[in-house]
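Pasting final00.txt here (compact mmCIF, C-alpha atoms):
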```txt
# COMPACT_ATOMS: atom_id res chain seq x y z
CA MET A 1 50.78 -34.53 1.69
CA ASN A 2 48.28 -35.47 -0.98
CA PRO A 3 46.15 -38.67 -0.86
CA PHE A 4 48.46 -40.58 -3.21
CA MET A 5 51.50 -39.98 -1.03
CA CYS A 6 49.58 -40.92 2.11
CA LEU A 7 48.20 -44.08 0.53
CA GLY A 8 51.63 -45.11 -0.74
CA ILE A 9 53.19 -44.65 2.70
CA ALA A 10 50.25 -46.52 4.29
CA ILE A 11 50.54 -49.59 2.03
CA ILE A 12 54.34 -49.87 2.33
CA THR A 13 54.26 -49.40 6.13
CA GLY A 14 51.32 -51.78 6.51
CA ILE A 15 52.98 -54.59 4.56
CA ILE A 16 56.20 -54.18 6.59
CA PHE A 17 54.28 -54.41 9.86
CA GLY A 18 52.33 -57.38 8.47
CA LYS A 19 55.62 -59.18 7.83
CA ILE A 20 56.83 -58.32 11.34
CA MET A 21 53.64 -59.77 12.82
CA ASN A 22 54.13 -62.94 10.76
CA LYS A 23 57.59 -63.33 12.36
CA PHE A 24 55.79 -63.62 15.71
CA LYS A 25 53.22 -66.01 14.18
CA VAL A 26 50.50 -63.33 14.36
CA PRO A 27 48.20 -62.77 11.32
CA ALA A 28 49.29 -59.93 9.03
CA VAL A 29 46.01 -58.06 9.49
CA ALA A 30 47.02 -57.18 13.09
CA GLY A 31 50.13 -55.53 11.62
CA TYR A 32 47.98 -53.50 9.23
CA ILE A 33 45.87 -52.20 12.12
CA ILE A 34 48.98 -51.32 14.16
CA ALA A 35 50.49 -49.53 11.14
CA GLY A 36 47.26 -47.53 10.86
CA LEU A 37 47.47 -46.62 14.57
CA ILE A 38 51.03 -45.35 14.09
CA LEU A 39 50.24 -43.36 10.94
CA GLY A 40 46.83 -42.08 12.07
CA LYS A 41 45.50 -39.78 14.75
CA SER A 42 46.99 -41.94 17.52
CA GLY A 43 50.49 -41.57 16.02
CA PHE A 44 52.08 -39.27 13.47
CA ASN A 45 48.71 -38.12 12.04
CA ILE A 46 49.91 -38.63 8.48
CA GLU A 47 46.61 -40.34 7.70
CA ASN A 48 44.51 -37.49 9.10
CA GLY A 49 40.74 -37.01 8.97
CA ALA A 50 40.74 -35.13 5.66
CA ILE A 51 42.88 -37.78 3.93
CA ILE A 52 40.80 -40.63 5.38
CA ASP A 53 37.60 -39.01 4.06
CA LYS A 54 39.12 -38.66 0.59
CA LEU A 55 40.17 -42.33 0.61
CA ALA A 56 36.92 -43.63 2.16
CA PHE A 57 35.85 -45.19 -1.16
CA ILE A 58 38.71 -47.71 -0.82
CA GLY A 59 37.02 -49.15 2.27
CA ASP A 60 33.70 -49.52 0.46
CA PHE A 61 35.42 -51.24 -2.47
CA ALA A 62 37.44 -53.51 -0.16
CA LEU A 63 34.30 -54.64 1.69
CA GLY A 64 32.73 -55.40 -1.69
CA ILE A 65 35.70 -57.59 -2.67
CA ILE A 66 35.63 -59.37 0.69
CA ALA A 67 31.89 -60.09 0.47
CA PHE A 68 32.32 -61.23 -3.17
CA ASN A 69 35.00 -63.70 -2.06
CA ILE A 70 32.75 -64.98 0.73
CA GLY A 71 30.12 -65.69 -1.92
CA SER A 72 32.69 -67.79 -3.79
CA GLU A 73 32.67 -70.26 -0.88
CA LEU A 74 28.88 -70.67 -0.88
CA GLU A 75 28.27 -73.12 -3.69
CA VAL A 76 24.92 -74.92 -3.75
CA SER A 77 26.48 -78.11 -2.37
CA VAL A 78 27.92 -76.18 0.60
CA ILE A 79 24.68 -74.28 1.18
CA LYS A 80 22.68 -77.54 1.17
CA LYS A 81 25.11 -79.09 3.62
CA LEU A 82 25.61 -76.11 5.94
CA GLY A 83 22.67 -73.84 5.18
CA LYS A 84 20.62 -74.64 8.28
CA SER A 85 23.59 -74.54 10.66
CA ILE A 86 24.88 -71.25 9.20
CA PHE A 87 21.60 -69.41 9.77
CA THR A 88 21.06 -71.02 13.18
CA ILE A 89 24.54 -70.13 14.44
CA ALA A 90 24.41 -66.60 12.98
CA THR A 91 21.04 -65.96 14.61
CA PHE A 92 22.14 -67.19 18.06
CA GLU A 93 25.52 -65.39 18.03
CA ALA A 94 23.95 -62.07 16.97
CA LEU A 95 21.10 -62.35 19.46
CA GLY A 96 23.51 -63.53 22.17
CA ALA A 97 25.60 -60.37 21.87
CA PHE A 98 22.47 -58.18 21.61
CA VAL A 99 20.76 -59.66 24.69
CA LEU A 100 23.85 -59.73 26.94
CA VAL A 101 25.04 -56.22 26.04
CA THR A 102 21.53 -54.74 26.34
CA ALA A 103 20.96 -56.45 29.69
CA SER A 104 24.36 -55.35 31.05
CA MET A 105 23.64 -51.72 30.06
CA LEU A 106 20.26 -51.82 31.82
CA LEU A 107 21.92 -53.26 34.95
CA LEU A 108 24.35 -50.33 34.81
CA HIS A 109 21.32 -48.00 34.85
CA GLN A 110 21.73 -46.76 31.28
CA PRO A 111 18.64 -45.43 29.45
CA ILE A 112 16.64 -48.04 27.53
CA SER A 113 17.46 -46.29 24.23
CA THR A 114 21.22 -46.42 24.91
CA ALA A 115 21.04 -50.07 26.00
CA LEU A 116 19.10 -51.11 22.89
CA ILE A 117 21.36 -49.30 20.42
CA LEU A 118 24.60 -50.55 22.01
CA GLY A 119 23.14 -54.07 22.03
CA ALA A 120 22.18 -53.79 18.35
CA VAL A 121 25.63 -52.53 17.33
CA ALA A 122 27.23 -55.34 19.38
CA SER A 123 25.40 -57.93 17.25
CA ALA A 124 27.43 -56.95 14.17
CA THR A 125 30.43 -58.99 13.06
CA ALA A 126 32.74 -57.62 10.39
CA PRO A 127 33.84 -60.35 7.95
CA ALA A 128 37.01 -58.65 6.72
CA ALA A 129 39.55 -59.67 9.37
CA THR A 130 38.14 -63.20 9.72
CA VAL A 131 38.17 -63.83 5.96
CA MET A 132 41.69 -62.45 5.60
CA VAL A 133 43.05 -64.79 8.28
CA LEU A 134 41.32 -67.79 6.68
CA LYS A 135 42.81 -66.86 3.30
CA GLU A 136 46.26 -66.18 4.75
CA TYR A 137 46.42 -69.67 6.26
CA ASN A 138 44.56 -71.31 3.36
CA ALA A 139 42.12 -72.85 5.83
CA LYS A 140 39.79 -75.63 4.67
CA GLY A 141 37.24 -77.68 6.58
CA PRO A 142 33.83 -77.59 8.30
CA LEU A 143 34.81 -74.81 10.75
CA THR A 144 36.16 -72.62 7.94
CA SER A 145 33.10 -73.14 5.70
CA THR A 146 30.68 -72.52 8.58
CA LEU A 147 32.60 -69.43 9.72
CA LEU A 148 32.53 -67.94 6.22
CA GLY A 149 28.79 -68.55 5.96
CA VAL A 150 28.08 -67.10 9.41
CA VAL A 151 30.01 -63.85 8.85
CA ALA A 152 28.27 -63.54 5.48
CA VAL A 153 24.68 -63.71 6.75
CA ASP A 154 25.40 -61.90 10.03
CA ASP A 155 24.95 -58.59 8.19
CA ALA A 156 21.32 -59.38 7.40
CA ILE A 157 20.50 -60.45 10.95
CA CYS A 158 22.28 -57.42 12.43
CA LEU A 159 20.30 -55.17 10.08
CA MET A 160 17.04 -56.65 11.37
CA ILE A 161 18.08 -56.26 15.02
CA TYR A 162 19.21 -52.67 14.51
CA SER A 163 16.02 -51.70 12.69
CA VAL A 164 13.87 -52.97 15.56
CA ALA A 165 16.13 -51.49 18.27
CA SER A 166 16.43 -48.05 16.64
CA SER A 167 12.66 -47.86 16.08
CA ILE A 168 12.01 -48.57 19.77
CA ALA A 169 14.81 -46.18 20.84
CA LYS A 170 13.22 -43.36 18.81
CA VAL A 171 9.98 -43.83 20.73
CA PHE A 172 11.84 -43.02 23.97
CA ILE A 173 14.07 -40.24 22.58
CA LYS A 174 12.07 -38.60 19.79
CA HIS A 175 8.62 -39.87 20.75
CA GLU A 176 8.14 -41.20 17.20
CA PRO A 177 5.37 -43.76 16.55
CA LEU A 178 6.37 -47.44 16.51
CA THR A 179 5.10 -48.83 13.20
CA MET A 180 5.12 -52.31 11.67
CA TYR A 181 6.72 -50.87 8.50
CA ARG A 182 9.77 -49.48 10.34
CA VAL A 183 10.29 -52.53 12.53
CA VAL A 184 9.59 -55.39 10.10
CA VAL A 185 8.72 -54.43 6.52
CA HIS A 186 11.55 -51.94 5.82
CA PRO A 187 14.48 -54.13 6.98
CA ILE A 188 13.09 -57.24 5.23
CA LEU A 189 12.58 -55.22 2.02
CA GLU A 190 16.13 -53.88 2.23
CA ILE A 191 17.54 -57.40 2.61
CA ILE A 192 15.46 -58.82 -0.26
CA LEU A 193 16.33 -55.96 -2.62
CA SER A 194 20.04 -56.17 -1.73
CA ILE A 195 20.16 -59.90 -2.49
CA ALA A 196 18.06 -59.51 -5.66
CA LEU A 197 20.35 -56.76 -6.96
CA GLY A 198 23.45 -58.87 -6.34
CA LEU A 199 21.98 -61.92 -8.07
CA SER A 200 20.84 -59.81 -11.05
CA MET A 201 24.27 -58.23 -11.44
CA GLY A 202 25.70 -61.74 -11.06
CA ILE A 203 23.88 -62.85 -14.21
CA LEU A 204 25.46 -59.94 -16.08
CA LEU A 205 28.91 -60.74 -14.71
CA CYS A 206 28.58 -64.43 -15.61
CA TYR A 207 27.91 -63.40 -19.21
CA LEU A 208 30.86 -60.98 -19.25
CA ILE A 209 33.14 -63.67 -17.81
CA ARG A 210 31.93 -66.16 -20.43
CA ILE A 211 32.88 -63.87 -23.33
CA SER A 212 36.29 -63.10 -21.77
CA ASN A 213 39.27 -65.01 -23.08
CA ARG A 214 42.05 -63.41 -21.08
CA LYS A 215 42.80 -62.17 -17.57
CA GLU A 216 43.14 -58.66 -19.01
CA GLU A 217 39.42 -58.79 -19.87
CA MET A 218 37.99 -60.91 -17.06
CA LEU A 219 39.54 -58.92 -14.21
CA PRO A 220 38.33 -55.47 -15.41
CA PHE A 221 34.83 -56.89 -15.99
CA THR A 222 34.75 -58.25 -12.43
CA ILE A 223 36.14 -55.06 -10.86
CA GLY A 224 33.82 -52.88 -12.93
CA THR A 225 30.77 -54.91 -11.89
CA LEU A 226 31.77 -54.74 -8.22
CA LEU A 227 32.29 -50.97 -8.41
CA LEU A 228 28.94 -50.49 -10.16
CA LEU A 229 27.17 -52.72 -7.64
CA THR A 230 28.73 -50.88 -4.67
CA GLY A 231 27.69 -47.55 -6.14
CA ILE A 232 24.09 -48.66 -6.70
CA THR A 233 23.76 -49.98 -3.13
CA MET A 234 25.09 -46.70 -1.72
CA LYS A 235 22.77 -44.68 -3.95
CA PHE A 236 19.65 -46.55 -2.85
CA SER A 237 20.67 -47.29 0.78
CA LEU A 238 20.91 -51.06 0.31
CA SER A 239 23.41 -53.44 1.93
CA PRO A 240 26.67 -53.53 -0.09
CA LEU A 241 27.83 -56.63 1.80
CA LEU A 242 24.71 -58.68 1.05
CA SER A 243 24.67 -57.54 -2.58
CA ALA A 244 28.35 -58.32 -3.20
CA MET A 245 28.01 -61.68 -1.46
CA SER A 246 25.01 -62.53 -3.66
CA LEU A 247 27.06 -61.52 -6.71
CA GLY A 248 29.75 -63.98 -5.64
CA VAL A 249 27.20 -66.73 -4.98
CA MET A 250 25.79 -66.35 -8.51
CA VAL A 251 29.23 -66.50 -10.13
CA ALA A 252 30.30 -69.46 -7.95
CA ASN A 253 27.26 -71.50 -8.94
CA VAL A 254 26.68 -70.48 -12.57
CA SER A 255 29.92 -69.45 -14.28
CA SER A 256 32.09 -72.14 -15.83
CA ASN A 257 35.10 -69.80 -15.44
CA ARG A 258 34.44 -69.11 -11.76
CA THR A 259 37.82 -70.48 -10.58
CA LYS A 260 39.74 -68.04 -12.80
CA ALA A 261 37.44 -65.12 -11.95
CA PHE A 262 37.89 -65.51 -8.19
CA LYS A 263 41.65 -66.16 -8.50
CA TYR A 264 42.17 -63.01 -10.55
CA ILE A 265 40.24 -60.81 -8.11
CA GLU A 266 42.08 -62.39 -5.17
CA ASP A 267 45.46 -61.66 -6.78
CA PHE A 268 44.37 -58.06 -7.41
CA SER A 269 42.78 -57.40 -4.04
CA SER A 270 45.74 -57.70 -1.65
CA PRO A 271 46.80 -54.00 -1.56
CA VAL A 272 43.16 -52.84 -1.57
CA ILE A 273 42.24 -54.94 1.47
CA ALA A 274 45.50 -54.03 3.24
CA SER A 275 44.65 -50.34 2.66
CA PHE A 276 41.22 -50.90 4.18
CA PHE A 277 42.66 -52.22 7.45
CA ILE A 278 45.41 -49.59 7.61
CA LEU A 279 42.89 -46.77 7.08
CA ALA A 280 40.56 -48.38 9.64
CA GLY A 281 43.43 -48.43 12.13
CA SER A 282 44.26 -44.80 11.40
CA ARG A 283 40.73 -43.79 12.48
CA LEU A 284 41.20 -45.22 15.94
CA ASP A 285 42.07 -42.89 18.80
CA ILE A 286 43.95 -44.59 21.63
CA SER A 287 43.14 -41.64 23.91
CA LEU A 288 39.59 -42.98 23.99
CA LEU A 289 40.65 -46.10 25.90
CA PRO A 290 40.82 -44.44 29.36
CA LYS A 291 37.39 -42.92 28.73
CA LEU A 292 35.76 -46.30 28.34
CA GLY A 293 34.79 -46.65 31.96
CA ILE A 294 32.58 -49.44 33.25
CA ILE A 295 30.12 -49.05 30.35
CA GLY A 296 32.82 -49.64 27.72
CA ILE A 297 34.30 -52.57 29.62
CA ALA A 298 30.86 -54.15 30.00
CA TYR A 299 30.19 -53.66 26.27
CA PHE A 300 33.49 -55.31 25.34
CA VAL A 301 33.19 -58.26 27.74
CA PHE A 302 29.52 -59.08 27.20
CA ARG A 303 29.74 -58.70 23.42
CA ILE A 304 32.49 -61.31 23.26
CA LEU A 305 30.69 -63.52 25.79
CA GLY A 306 27.47 -63.26 23.78
CA LYS A 307 29.24 -64.10 20.53
CA VAL A 308 31.08 -67.14 21.91
CA THR A 309 28.22 -68.65 23.92
CA GLY A 310 25.57 -67.77 21.33
CA ALA A 311 27.56 -69.29 18.46
CA SER A 312 28.37 -72.46 20.42
CA PHE A 313 24.74 -72.88 21.51
CA GLY A 314 23.60 -72.34 17.90
CA ALA A 315 26.07 -75.00 16.74
CA ILE A 316 24.69 -77.43 19.33
CA VAL A 317 21.10 -76.73 18.19
CA ALA A 318 22.16 -77.19 14.54
CA LYS A 319 24.03 -80.42 15.42
CA SER A 320 27.23 -79.12 13.83
CA PRO A 321 30.56 -81.00 13.97
CA VAL A 322 32.45 -80.92 17.27
CA VAL A 323 35.14 -78.50 15.98
CA VAL A 324 32.42 -76.03 15.01
CA LYS A 325 30.75 -76.25 18.43
CA LYS A 326 34.07 -75.67 20.21
CA TYR A 327 35.68 -72.93 18.11
CA ILE A 328 33.10 -71.09 15.97
CA GLY A 329 32.65 -68.20 18.42
CA PHE A 330 36.34 -67.32 18.43
CA GLY A 331 36.23 -66.18 14.81
CA LEU A 332 33.53 -63.57 15.45
CA PHE A 333 35.27 -60.89 17.53
CA SER A 334 36.01 -58.37 14.77
CA GLN A 335 33.61 -55.42 14.57
CA VAL A 336 35.26 -52.82 12.32
CA GLY A 337 33.34 -52.08 9.10
CA VAL A 338 29.69 -52.97 9.60
CA ALA A 339 29.57 -51.82 13.23
CA VAL A 340 31.41 -48.57 12.45
CA GLY A 341 28.90 -47.97 9.66
CA LEU A 342 26.08 -48.51 12.15
CA ALA A 343 27.71 -46.12 14.62
CA ILE A 344 27.83 -43.41 11.94
CA LEU A 345 24.18 -44.15 11.18
CA VAL A 346 23.33 -43.78 14.90
CA SER A 347 25.06 -40.38 15.00
CA ARG A 348 22.88 -39.25 12.08
CA GLU A 349 19.58 -40.71 13.28
CA PHE A 350 20.05 -39.45 16.85
CA ALA A 351 21.86 -36.21 15.96
CA ASN A 352 20.32 -34.13 18.76
CA SER A 353 21.09 -36.61 21.55
CA ASP A 354 24.23 -37.88 23.29
CA LEU A 355 23.59 -41.39 21.98
CA GLY A 356 25.64 -40.99 18.80
CA SER A 357 28.79 -39.82 20.58
CA ILE A 358 28.43 -42.54 23.27
CA VAL A 359 28.15 -45.31 20.67
CA ILE A 360 31.03 -44.05 18.51
CA THR A 361 33.34 -43.55 21.52
CA ILE A 362 32.69 -47.04 22.91
CA LEU A 363 32.81 -48.70 19.50
CA LEU A 364 36.04 -47.12 18.28
CA ALA A 365 37.77 -47.67 21.62
CA THR A 366 36.83 -51.37 21.80
CA THR A 367 37.59 -51.83 18.09
CA ILE A 368 41.25 -51.06 18.81
CA ILE A 369 41.32 -54.17 21.00
CA THR A 370 39.09 -56.49 18.94
CA GLU A 371 40.92 -55.78 15.68
CA ILE A 372 44.22 -56.84 17.24
CA ILE A 373 43.05 -59.86 19.26
CA GLY A 374 40.36 -60.99 16.77
CA PRO A 375 42.74 -62.28 14.07
CA VAL A 376 44.85 -64.04 16.72
CA PHE A 377 41.83 -65.88 18.14
CA THR A 378 40.63 -66.81 14.62
CA LYS A 379 44.06 -68.19 13.77
CA ASN A 380 44.22 -70.24 16.98
CA ALA A 381 40.71 -71.61 16.34
CA ILE A 382 41.52 -72.92 12.85
CA ILE A 383 44.85 -74.34 14.05
CA LYS A 384 43.20 -76.22 16.94
CA ALA A 385 40.52 -77.44 14.52
CA GLY A 386 43.29 -78.76 12.25
CA GLU A 387 42.13 -76.67 9.27
CA ALA A 388 45.10 -74.29 8.85
CA ASN A 389 47.79 -75.05 6.28
CA LEU A 390 50.87 -73.64 8.01
```
The structure in this file should be written as structure tokens.
Amino acid sequence: MNPFMCLGIAIITGIIFGKIMNKFKVPAVAGYIIAGLILGKSGFNIENGAIIDKLAFIGDFALGIIAFNIGSELEVSVIKKLGKSIFTIATFEALGAFVLVTASMLLLHQPISTALILGAVASATAPAATVMVLKEYNAKGPLTSTLLGVVAVDDAICLMIYSVASSIAKVFIKHEPLTMYRVVVHPILEIILSIALGLSMGILLCYLIRISNRKEEMLPFTIGTLLLLTGITMKFSLSPLLSAMSLGVMVANVSSNRTKAFKYIEDFSSPVIASFFILAGSRLDISLLPKLGIIGIAYFVFRILGKVTGASFGAIVAKSPVVVKKYIGFGLFSQVGVAVGLAILVSREFANSDLGSIVITILLATTIITEIIGPVFTKNAIIKAGEANL
């Protein structure tokens, strides 16, 4: 079948499974992942490797939309109120996962390079599933706002951790020199340039929105800007998530038509984001689960433990509301997207070692579990916090 047929089947099947999951009071995103498992290499192999590669741009675009929508929640008033707590919690939850996973790998007698890279990948949290659950249940409140901010800035912190860890790992594997530029300057420069690009494109989009009178103009301007921004970040190896989030922040705080702009893109984005999760699910190979072994189990357990304890400790340090302290960590399980991107990067940077295959095997196997349980835990957290509109 050609890509159009495969995509059509994927969307229809995904939405049906999403509705089935809703019947059992489970977020629709879990249904999308399961539909992907059935249609992908773990099932009928309709969404095979060649088709997934041809449709990979949909995932990049979907992540851009998701990050743009996160930016819509970060108005200046919210940033002033939650700014300190967001960065504190994000730092502690990312470092918590990194430290616990790295330490557990060393205790299991894994090489230092393997321990560091697995720890760095564990620090990543993908915003897509969390944001989709919050939108599906129209969640509002301090936990929701904090969670959106944390998953937004987690990308920057994870990038810093990975840059340091990979530089040290290369010393042990490739015997490359450890330089200040690789460890500190390069990741900081990448973050600054990504944010600056997003804010600059945001100024352009604010102008285009201002001269738009109808949805038929405003929506194409927004989509076109997001596509252009995503393309530029990929061309120059910048962070598409940080750039798209910064684009959303600029529109949210500057444009007088921001409400319409975000509503139009949200109405448009549903099949795109559903496709992203279905295609992500189709990549997952259930046959990897038995191969996890003690290393994979340790990665899974200590990553979640690091996220939950780190986030809660960060909330205590930041003096966040009680609901944030109790439940913030349960919205941070998802790892598809950013972490998968890092795993692909590992396989390229450490091409002549076993590290790339180890990371990808563990990550994809554990992702099967986190992408199904993650939305459920997020939903339960916002319900217990009294922020879900059921």
### Task
Please indicate the distance in Å from atom CA of Val121 of chain A to atom CA of Ser163 of chain A, rounded to one decimal place.
10.7 Å
### Task
Grab the atom CA of Leu279 of chain A to atom CA of Glu47 of chain A distance for me, in Å with one decimal place.
7.5 Å
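Proximity ranking of A:Gly83, A:Gly43, A:Pro271, A:Gly386 relative to Lys140 of chain A places A:Gly386 first, based on all atoms listed in the file.
With only C-alpha atoms as the atoms that count, the residue of A:Pro240, A:Ala50, A:Ser255, A:Ile192 with the shortest distance to Leu204 of chain A is A:Ser255.
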### Query
Using all atoms listed in the file, which of the listed residues (A:Leu226, A:Ile86, A:Val359, A:Val151) sits closest to Gly314 of chain A?
A:Ile86
Check which residues of segment 238-325 of chain A sit at most 6 Å from segment 96-101 of chain A using only C-alpha atoms, and return one row each with the closest pair of atoms and their distance in Å to one decimal, ordered by chain and rising number, as JSON lines.
```
{"residue": "A:Tyr299", "atom": "CA", "partner": "A:Val101", "partner_atom": "CA", "distance": 5.8}
{"residue": "A:Phe302", "atom": "CA", "partner": "A:Val101", "partner_atom": "CA", "distance": 5.4}
{"residue": "A:Arg303", "atom": "CA", "partner": "A:Ala97", "partner_atom": "CA", "distance": 4.7}
{"residue": "A:Gly306", "atom": "CA", "partner": "A:Ala97", "partner_atom": "CA", "distance": 3.9}
{"residue": "A:Lys307", "atom": "CA", "partner": "A:Ala97", "partner_atom": "CA", "distance": 5.4}
{"residue": "A:Gly310", "atom": "CA", "partner": "A:Gly96", "partner_atom": "CA", "distance": 4.8}
```
### Task
Find the residue from A:Ile51, A:Leu247, A:Glu349, A:Ser270 that sits nearest to Ile15 of chain A; use all atoms listed in the file when measuring.
A:Ser270
Which centre and edge lengths in Å to one decimal define the box along x, y and z that fits every listed atom of segment 314-323 of chain A plus 8 Å per side, as JSON?
```
{"center_x": 28.1, "center_y": -76.7, "center_z": 16.6, "size_x": 30.0, "size_y": 24.7, "size_z": 21.5}
```
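With distances restricted to all atoms listed in the file, A:Ala311 is the closest residue to Ile89 of chain A from A:Leu39, A:Ala280, A:Ala311, A:Ala244.
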### Task
Give me, please, the distance in Å between atom CA of Phe277 of chain A and atom CA of Gly36 of chain A, quoted to one decimal.
7.4 Å
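Using all atoms listed in the file, the shortest contact distance between Leu159 of chain A and any of A:Asn213, A:Thr146, A:Gly329, A:Leu241 is found at A:Leu241.
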Taking the structure I provided as the source, export segment 56-81 of chain A with C-alpha atoms, as a compact mmCIF listing (two decimals), in the first residue's frame.
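The resulting file, selection.txt, is shown below:
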```txt
# COMPACT_ATOMS: atom_id res chain seq x y z
CA ALA A 56 8.24 10.74 9.59
CA PHE A 57 7.64 14.43 8.84
CA ILE A 58 4.18 14.12 10.43
CA GLY A 59 5.84 13.40 13.78
CA ASP A 60 8.08 16.45 13.50
CA PHE A 61 5.09 18.64 12.62
CA ALA A 62 2.97 17.17 15.43
CA LEU A 63 5.69 17.87 18.02
CA GLY A 64 5.85 21.44 16.72
CA ILE A 65 2.09 21.87 17.21
CA ILE A 66 2.26 20.36 20.69
CA ALA A 67 5.14 22.63 21.76
CA PHE A 68 3.34 25.65 20.22
CA ASN A 69 0.24 24.84 22.30
CA ILE A 70 2.38 24.51 25.44
CA GLY A 71 3.66 28.02 24.75
CA SER A 72 0.06 29.24 24.68
CA GLU A 73 -0.23 28.38 28.38
CA LEU A 74 2.88 30.36 29.36
CA GLU A 75 1.63 33.92 29.52
CA VAL A 76 3.75 36.44 31.42
CA SER A 77 1.40 36.32 34.43
CA VAL A 78 1.74 32.52 34.61
CA ILE A 79 5.52 32.65 34.13
CA LYS A 80 5.85 35.24 36.92
CA LYS A 81 3.72 33.11 39.22
```
